[in-house]
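S.K.: Coordinates in work_37.txt, compact mmCIF, C-alpha atoms, are listed below.
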# COMPACT_ATOMS: atom_id res chain seq x y z
CA ALA U 1 179.65 33.65 89.72
CA LEU U 2 177.98 31.51 87.08
CA ARG U 3 175.02 29.28 87.59
CA GLY U 4 172.72 27.69 85.04
CA ASP U 5 169.63 25.55 84.92
CA ASP U 6 170.91 21.97 84.72
CA LYS U 7 167.75 20.61 83.12
CA GLN U 8 167.83 23.31 80.45
CA ASP U 9 171.55 22.80 79.87
CA ALA U 10 171.04 19.05 79.43
CA ALA U 11 168.21 19.56 76.98
CA ALA U 12 170.28 22.06 75.02
CA ARG U 13 173.27 19.69 74.83
CA SER U 14 171.07 16.89 73.52
CA ALA U 15 170.12 19.09 70.56
CA GLY U 16 173.74 20.01 69.77
CA ARG U 17 175.68 23.13 70.55
CA ARG U 18 173.86 25.36 73.04
CA TRP U 19 172.08 28.64 72.34
CA VAL U 20 172.56 30.59 75.56
CA LEU U 21 171.15 33.82 76.93
CA GLY U 22 173.36 35.27 79.65
CA VAL U 23 172.00 37.22 82.61
CA HIS U 24 174.47 39.63 84.22
CA ALA U 25 172.83 40.88 87.41
CA ASP U 26 173.35 42.11 90.95
CA LEU U 27 171.85 39.22 92.92
CA SER U 28 173.46 39.79 96.31
CA GLY U 29 174.47 43.45 96.45
CA PRO U 30 172.70 46.80 96.86
CA GLN U 31 170.39 46.25 93.88
CA LYS U 32 169.66 42.59 94.53
CA GLU U 33 165.88 43.05 94.50
CA ALA U 34 165.96 44.47 90.97
CA GLY U 35 168.55 41.96 89.84
CA THR U 36 166.62 38.99 91.22
CA ALA U 37 163.37 40.19 89.66
CA GLN U 38 165.11 40.43 86.30
CA GLU U 39 166.77 37.03 86.59
CA ARG U 40 163.51 35.33 87.54
CA ALA U 41 161.59 37.04 84.75
CA ALA U 42 164.19 36.03 82.19
CA ARG U 43 164.12 32.44 83.45
CA LEU U 44 160.32 32.37 83.15
CA ALA U 45 160.53 33.66 79.57
CA VAL U 46 163.12 31.01 78.66
CA GLU U 47 161.07 28.22 80.25
CA GLN U 48 157.98 29.32 78.33
CA PHE U 49 159.95 29.45 75.09
CA ASN U 50 161.36 25.97 75.66
CA SER U 51 157.86 24.60 76.30
CA ARG U 52 156.80 25.46 72.74
CA LYS U 53 156.55 22.50 70.39
CA ASP U 54 157.52 24.60 67.36
CA LYS U 55 160.76 26.02 68.79
CA PRO U 56 163.71 25.66 66.36
CA PHE U 57 166.23 25.28 69.20
CA THR U 58 166.39 25.00 72.98
CA LEU U 59 167.43 28.17 74.77
CA ALA U 60 169.60 27.86 77.90
CA LEU U 61 170.22 30.46 80.58
CA ARG U 62 173.57 31.35 82.14
CA VAL U 63 173.31 33.60 85.21
CA ALA U 64 176.17 35.60 86.72
CA ASP U 65 176.08 37.64 89.95
CA ASP U 66 178.39 40.67 90.10
CA ARG U 67 177.20 41.68 93.62
CA GLY U 68 176.92 45.26 92.37
CA GLU U 69 180.72 45.61 92.43
CA ALA U 70 182.58 47.20 89.52
CA ALA U 71 185.57 44.87 89.67
CA ARG U 72 183.30 41.85 89.88
CA ALA U 73 181.22 43.17 86.98
CA GLU U 74 184.27 43.30 84.72
CA GLN U 75 185.15 39.74 85.75
CA VAL U 76 181.62 38.52 84.99
CA ALA U 77 181.73 40.24 81.59
CA ARG U 78 184.97 38.44 80.75
CA GLN U 79 183.48 35.12 81.84
CA LEU U 80 180.36 35.54 79.73
CA THR U 81 182.17 36.84 76.66
CA GLY U 82 184.60 33.94 76.99
CA GLU U 83 181.78 31.40 76.56
CA ASP U 84 181.19 31.04 72.83
CA ASP U 85 177.72 29.62 73.40
CA VAL U 86 176.46 32.90 74.93
CA LEU U 87 174.78 34.82 72.10
CA ALA U 88 173.39 37.78 74.08
CA VAL U 89 173.34 39.08 77.66
CA LEU U 90 170.56 40.69 79.69
CA GLY U 91 172.01 43.24 82.13
CA PRO U 92 173.89 44.67 83.97
CA THR U 93 171.61 45.94 86.74
CA GLY U 94 173.21 49.25 87.70
CA TYR U 95 175.48 52.10 86.68
CA ALA U 96 178.76 51.04 88.30
CA SER U 97 178.50 47.53 86.87
CA ALA U 98 177.66 48.76 83.38
CA GLU U 99 180.46 51.31 83.36
CA ALA U 100 182.97 48.59 84.31
CA ALA U 101 181.67 45.87 81.97
CA LEU U 102 180.64 47.61 78.76
CA GLU U 103 184.07 47.92 77.21
CA VAL U 104 184.56 44.17 77.64
CA TYR U 105 181.22 43.34 76.00
CA GLU U 106 181.75 45.80 73.15
CA GLY U 107 185.25 44.48 72.53
CA ALA U 108 183.88 40.96 72.19
CA GLY U 109 180.96 42.07 70.03
CA LEU U 110 178.51 40.43 72.43
CA PRO U 111 175.09 42.15 72.41
CA VAL U 112 174.06 43.40 75.86
CA LEU U 113 170.51 44.48 76.65
CA THR U 114 170.13 46.43 79.88
CA VAL U 115 166.75 46.78 81.52
CA SER U 116 167.52 49.08 84.45
CA GLU U 117 170.79 50.91 83.66
CA LEU U 118 169.31 53.85 81.77
CA SER U 119 171.75 56.67 82.41
CA LEU U 120 173.09 58.99 79.76
CA THR U 121 176.69 58.59 80.85
CA ALA U 122 177.49 54.93 81.54
CA ALA U 123 178.15 54.25 77.85
CA GLU U 124 180.09 57.51 77.50
CA SER U 125 182.21 56.66 80.55
CA ALA U 126 183.05 53.35 78.91
CA LEU U 127 184.18 55.30 75.81
CA LEU U 128 181.16 54.21 73.77
CA ALA U 129 180.06 57.39 71.98
CA GLU U 130 177.84 55.30 69.72
CA PRO U 131 177.45 51.79 71.19
CA LYS U 132 177.70 48.95 68.70
CA ALA U 133 176.05 46.26 70.78
CA TYR U 134 174.73 47.96 73.95
CA PHE U 135 170.93 48.14 73.88
CA ARG U 136 168.76 50.02 76.42
CA THR U 137 165.43 48.14 76.53
CA ALA U 138 163.51 50.55 78.77
CA PRO U 139 163.03 54.31 78.35
CA MET U 140 166.04 56.44 79.24
CA ALA U 141 165.82 57.82 82.78
CA ALA U 142 166.28 61.36 81.47
CA PHE U 143 163.02 61.15 79.57
CA ALA U 144 161.06 60.44 82.76
CA VAL U 145 162.66 63.48 84.42
CA TYR U 146 161.94 65.59 81.33
CA ASN U 147 158.28 64.60 81.58
CA ALA U 148 158.25 65.39 85.30
CA VAL U 149 159.10 69.04 84.58
CA PHE U 150 156.14 69.28 82.22
CA THR U 151 153.89 67.54 84.73
CA LEU U 152 154.89 70.06 87.40
CA ALA U 153 153.93 72.86 85.02
CA ALA U 154 150.65 71.16 84.19
CA LEU U 155 149.89 71.01 87.91
CA GLY U 156 150.31 74.79 88.14
CA SER U 157 153.92 75.18 89.28
CA ARG U 158 155.56 78.31 87.90
CA ARG U 159 158.41 78.57 90.43
CA PRO U 160 159.59 75.00 91.11
CA GLY U 161 162.38 74.28 93.53
CA LEU U 162 165.11 71.78 92.67
CA LEU U 163 167.02 70.15 95.52
CA ILE U 164 170.16 68.38 94.30
CA ASP U 165 171.50 66.07 97.00
CA ARG U 166 174.89 64.86 95.81
CA ALA U 167 174.39 61.66 97.78
CA GLY U 168 172.40 60.55 94.74
CA ARG U 169 175.67 60.26 92.79
CA ILE U 170 175.73 60.26 89.00
CA THR U 171 172.09 59.29 88.41
CA GLY U 172 170.90 62.10 90.67
CA LEU U 173 173.18 64.61 88.96
CA GLU U 174 171.86 63.54 85.57
CA SER U 175 168.30 64.07 86.78
CA ALA U 176 169.17 67.50 88.11
CA GLN U 177 170.80 68.53 84.85
CA VAL U 178 167.74 67.48 82.86
CA VAL U 179 165.47 69.49 85.18
CA ARG U 180 167.69 72.54 84.79
CA ASP U 181 167.98 72.28 81.01
CA THR U 182 164.28 71.61 80.48
CA SER U 183 163.25 74.44 82.79
CA ARG U 184 165.64 76.86 81.10
CA ALA U 185 164.45 75.88 77.62
CA HIS U 186 160.84 76.54 78.52
CA GLY U 187 161.31 79.66 80.60
CA THR U 188 160.41 78.17 83.98
CA ASP U 189 161.58 80.24 86.95
CA LEU U 190 163.53 77.45 88.63
CA TYR U 191 165.22 77.88 92.02
CA ALA U 192 167.90 75.26 92.75
CA ARG U 193 169.99 74.35 95.79
CA VAL U 194 172.80 71.80 96.05
CA VAL U 195 173.58 69.82 99.20
CA PRO U 196 176.96 68.03 99.54
CA ALA U 197 176.88 64.28 100.05
CA ALA U 198 178.83 64.77 103.27
CA ALA U 199 176.09 66.98 104.77
CA PRO U 200 174.25 65.07 107.51
CA ASP U 201 170.82 66.38 106.49
CA ALA U 202 169.69 67.53 103.03
CA SER U 203 166.70 69.35 104.51
CA VAL U 204 168.89 72.22 105.76
CA VAL U 205 168.14 74.20 102.59
CA ILE U 206 164.34 73.92 102.82
CA ALA U 207 163.81 77.16 104.73
CA ASP U 208 165.78 79.10 102.13
CA MET U 209 163.91 77.46 99.23
CA LEU U 210 160.53 78.29 100.74
CA ALA U 211 161.69 81.85 101.35
CA HIS U 212 162.20 82.11 97.59
CA ASP U 213 158.49 81.38 97.04
CA ILE U 214 158.76 78.00 95.35
CA ASP U 215 155.40 76.47 94.42
CA GLY U 216 156.57 73.01 93.30
CA PHE U 217 159.40 70.68 94.22
CA PHE U 218 161.75 68.17 92.57
CA CYS U 219 164.26 66.24 94.66
CA THR U 220 167.16 63.96 93.76
CA GLY U 221 169.26 62.08 96.29
CA THR U 222 168.66 58.88 98.24
CA PRO U 223 165.36 57.54 99.61
CA GLU U 224 166.40 57.97 103.24
CA ARG U 225 167.74 61.52 102.86
CA ALA U 226 164.78 62.57 100.73
CA ALA U 227 162.48 61.38 103.53
CA LYS U 228 163.94 64.08 105.82
CA VAL U 229 163.23 66.62 103.08
CA ALA U 230 159.63 65.41 102.87
CA ARG U 231 159.19 65.75 106.63
CA ALA U 232 160.69 69.26 106.60
CA LEU U 233 158.30 70.37 103.86
CA ALA U 234 155.33 68.84 105.67
CA GLU U 235 156.25 70.57 108.94
CA ARG U 236 156.24 73.89 107.11
CA GLY U 237 152.88 73.23 105.47
CA PHE U 238 154.12 73.06 101.88
CA THR U 239 151.34 71.62 99.68
CA GLY U 240 152.65 72.23 96.16
CA PRO U 241 153.31 69.29 93.80
CA ARG U 242 156.34 67.28 94.93
CA PHE U 243 158.37 64.92 92.74
CA LEU U 244 161.29 62.55 93.21
CA ASP U 245 163.47 61.09 90.49
CA ALA U 246 162.92 57.36 90.05
CA PRO U 247 166.05 56.09 91.92
CA THR U 248 165.04 58.11 94.98
CA ALA U 249 161.42 56.95 94.93
CA GLY U 250 161.90 53.63 96.66
CA ALA U 251 159.97 51.92 99.41
CA ALA U 252 162.60 53.15 101.86
CA PHE U 253 161.48 56.73 101.18
CA VAL U 254 157.88 55.96 102.14
CA THR U 255 158.93 54.03 105.25
CA ALA U 256 161.27 56.76 106.50
CA ALA U 257 159.00 59.69 105.63
CA GLY U 258 155.84 58.21 107.15
CA ASP U 259 152.78 60.42 106.70
CA ALA U 260 154.95 63.11 105.11
CA ALA U 261 155.35 60.87 102.05
CA ASP U 262 151.66 61.20 101.12
CA GLY U 263 151.18 62.94 97.80
CA TRP U 264 154.76 62.68 96.60
CA GLN U 265 155.01 61.60 92.97
CA THR U 266 157.50 60.13 90.53
CA LEU U 267 157.71 59.28 86.86
CA THR U 268 159.61 56.11 86.02
CA PRO U 269 160.87 54.07 83.06
CA TYR U 270 159.27 50.91 84.54
CA ILE U 271 155.66 49.81 84.49
CA SER U 272 153.89 48.58 87.60
CA PRO U 273 153.70 44.77 87.82
CA ASP U 274 150.03 45.41 88.76
CA ALA U 275 149.27 47.20 85.48
CA THR U 276 146.71 45.66 83.12
CA PRO U 277 149.11 45.06 80.17
CA VAL U 278 151.34 42.78 82.29
CA ARG U 279 148.64 41.06 84.36
CA ALA U 280 149.03 37.65 82.66
CA PHE U 281 152.79 37.80 83.17
CA ALA U 282 152.32 38.67 86.87
CA THR U 283 150.01 35.69 87.29
CA ALA U 284 152.53 33.34 85.67
CA TYR U 285 155.33 34.82 87.79
CA ARG U 286 153.38 34.25 91.02
CA LYS U 287 152.65 30.68 90.01
CA ARG U 288 156.32 30.03 89.21
CA TYR U 289 157.91 31.77 92.22
CA GLY U 290 155.17 32.10 94.84
CA SER U 291 155.44 35.88 95.06
CA ALA U 292 154.52 38.97 93.09
CA PRO U 293 157.03 40.23 90.52
CA GLY U 294 159.16 43.18 91.51
CA VAL U 295 160.09 46.36 89.69
CA TRP U 296 161.82 45.76 86.33
CA ALA U 297 160.49 42.20 86.05
CA PRO U 298 158.05 42.90 83.17
CA GLU U 299 160.78 44.69 81.21
CA ALA U 300 163.24 41.83 81.75
CA TYR U 301 160.59 39.31 80.67
CA ASP U 302 159.97 41.29 77.49
CA THR U 303 163.70 41.63 76.83
CA ALA U 304 164.31 37.88 77.11
CA ARG U 305 161.37 37.29 74.76
CA LEU U 306 162.81 39.84 72.35
CA VAL U 307 166.10 37.93 72.21
CA ALA U 308 164.28 34.62 71.72
CA ASP U 309 162.21 36.16 68.94
CA ARG U 310 165.28 37.47 67.09
CA LEU U 311 167.14 34.16 67.46
CA THR U 312 164.07 32.33 66.18
CA ALA U 313 163.85 34.62 63.16
CA LEU U 314 167.50 33.97 62.33
CA ALA U 315 167.06 30.21 62.72
CA ARG U 316 164.05 30.19 60.41
CA GLU U 317 165.87 32.27 57.82
CA GLY U 318 168.27 29.36 57.44
CA VAL U 319 171.13 31.13 59.16
CA GLY U 320 171.70 28.15 61.41
CA ARG U 321 173.53 28.99 64.59
CA PRO U 322 174.09 32.77 64.34
CA SER U 323 177.21 34.70 65.16
CA ARG U 324 177.12 37.43 67.78
CA ALA U 325 177.39 40.01 64.99
CA GLN U 326 174.30 38.54 63.32
CA VAL U 327 172.38 38.65 66.60
CA THR U 328 173.37 42.29 67.14
CA LYS U 329 172.22 43.20 63.63
CA ALA U 330 168.92 41.35 64.11
CA LEU U 331 168.29 43.17 67.39
CA ALA U 332 169.12 46.54 65.84
CA LYS U 333 166.46 45.92 63.16
CA ALA U 334 163.89 44.51 65.60
CA ARG U 335 160.27 45.50 65.76
CA PHE U 336 158.93 43.22 68.47
CA LYS U 337 155.65 43.88 70.25
CA GLY U 338 156.13 43.14 73.93
CA LEU U 339 153.84 43.58 76.90
CA THR U 340 155.19 47.01 77.81
CA THR U 341 156.13 48.53 74.44
CA THR U 342 157.11 47.80 70.86
CA TYR U 343 160.84 47.11 70.83
CA ALA U 344 162.60 49.04 68.08
CA PHE U 345 165.89 50.92 68.42
CA ASN U 346 167.58 54.05 67.08
CA LYS U 347 171.23 54.29 66.04
CA ASN U 348 172.27 54.69 69.70
CA LYS U 349 170.50 51.42 70.57
CA GLU U 350 167.83 53.26 72.58
CA LEU U 351 164.11 52.61 72.23
CA THR U 352 162.50 54.70 69.52
CA THR U 353 159.35 54.95 71.69
CA GLN U 354 160.03 56.44 75.11
CA GLN U 355 157.22 55.53 77.52
CA THR U 356 157.01 56.74 81.12
CA TYR U 357 154.84 55.71 84.05
CA HIS U 358 153.26 57.77 86.82
CA TYR U 359 153.20 56.86 90.53
CA ARG U 360 151.91 58.72 93.60
CA VAL U 361 152.25 57.86 97.29
CA ASP U 362 148.86 56.80 98.58
CA GLY U 363 148.11 54.56 101.55
CA GLY U 364 151.76 54.14 102.51
CA ARG U 365 153.12 53.07 99.12
CA PHE U 366 153.88 54.34 95.64
CA ALA U 367 150.61 53.53 93.88
CA TYR U 368 150.51 53.21 90.11
CA VAL U 369 148.59 56.06 88.49
CA GLY U 370 149.00 55.17 84.83
CA THR U 371 150.94 55.64 81.61
CA LEU U 372 152.01 58.97 80.20
CA PRO U 373 151.76 59.47 76.42
CA ALA U 374 154.67 57.93 74.56
CA SER U 375 157.10 60.01 72.53
What is this file in structure tokens?
M.R.:
Amino acid sequence: ALRGDDKQDAAARSAGRRWVLGVHADLSGPQKEAGTAQERAARLAVEQFNSRKDKPFTLALRVADDRGEAARAEQVARQLTGEDDVLAVLGPTGYASAEAALEVYEGAGLPVLTVSELSLTAAESALLAEPKAYFRTAPMAAFAVYNAVFTLAALGSRRPGLLIDRAGRITGLESAQVVRDTSRAHGTDLYARVVPAAAPDASVVIADMLAHDIDGFFCTGTPERAAKVARALAERGFTGPRFLDAPTAGAAFVTAAGDAADGWQTLTPYISPDATPVRAFATAYRKRYGSAPGVWAPEAYDTARLVADRLTALAREGVGRPSRAQVTKALAKARFKGLTTTYAFNKNKELTTQQTYHYRVDGGRFAYVGTLPAS
């Protein structure tokens, strides 16, 4: 489950006790693309840090693959917390892993910085009403959904339809709840339908929704099932604004929906690797790995740099090798300007600036439209 960079480990040992950043990721399971992008981005950040002549220590990387499995995630958390040299951990990648591992990390006082697990409930499910060392280093997923409701209204929708496909599990249900609450708070005439996960086709409710005169659409579920919804709407000539929540808006949706995917939109917590603010990072990533960075790579790169920055500050304050509690405190007080945002946290260890990003399907892919105003 654990693998490190031997050259980095050797260099770290030569300078004394190691300063280690752990990476807890899904590298071979259902979210392996996101996990691999994050691991590679973190490794690039560590290599760049270690190339600096003025660095006060050498930073090593310890990578653990939980395969996206809850039981494995708990095991990985115990392995990483059991290594005294690990001062912080980037990850986990997804909800199930975070829910299983967080109690272990909190119990050990090891700061954990997740890039892509941005639910409202993973910390609550792990009995962390106010996390002590669990940092979310990208905007909460609920904020992107909240903005989507306002974007629908700005596009002229006064009677949006909400399709809740329970195949989307907890993240989809969270998205649906945010849409409902936001619509209710602002007087939007929302019409919602729920489809059981066991139903073979989520599009069975489309005729009823159109009969209730919806003029906009928001869908949660899975990419493949949402594609059938997109085709059903296209067959019936629906042209109102159509949105997916971020987990549903994957490449699989575009592939399965074909031409019916055109015009669908999503708001996400992650920036496009093609965006101008991360262009230099993308170039360095391509040079290092021979391919373009994937989703969540810029955020993972920034997060690893944030940890290195806080460790450097502690070292230069004369702290020497910091304790995990000192690292957690330094992160909580951070104000680090990254490529994607300025990293500062509230008492719940969430970003104080919640930025979201706009995508629209064009030319057979989700094309990056731009950044929405931060809040």
S.K.: Please determine, counting all atoms listed in the file, which residue among U:Thr283, U:Thr340, U:Thr266, U:Gln177 has the shortest atom-to-atom distance to Asp302 in chain U.
M.R.: U:Thr340
S.K.: Could you jot down the CA of Val307 in chain U to CA of Ala34 in chain U separation for me, Å, one decimal place?
M.R.: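 Separation of CA of Val307 in chain U and CA of Ala34 in chain U: 19.9 Å.
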S.K.: Which value, in Å to one decimal, gives the distance between CA of Val145 in chain U and CA of Phe238 in chain U?
M.R.: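 Computed distance, CA of Val145 in chain U to CA of Phe238 in chain U, equals 21.7 Å.
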S.K.: Give me, as a VMD selection string, all polymer residues having an atom no more than 10 Å from Ala315 in chain U, counting only C-alpha atoms and skipping those fewer than 6 positions away in the same chain.
M.R.: chain U and resid 55 to 57 309 321 to 322
S.K.: Using all atoms listed in the file, which residue out of U:Glu83, U:Asp54, U:Asp245, U:Asp208 lies closest to Ala176 in chain U?
M.R.: U:Asp245
S.K.: Just how far from CA of Pro111 in chain U is CA of Phe135 in chain U, in Å to one decimal?
M.R.: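 Separation between CA of Phe135 in chain U and CA of Pro111 in chain U: 7.4 Å.
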S.K.: Thr342 in chain U: which residues within 9 Å, counting all atoms listed in the file, same-chain residues fewer than 4 positions away excluded, as JSON, numbers by chain?
M.R.: {"U": [335, 336, 337, 338, 351, 352, 353]}
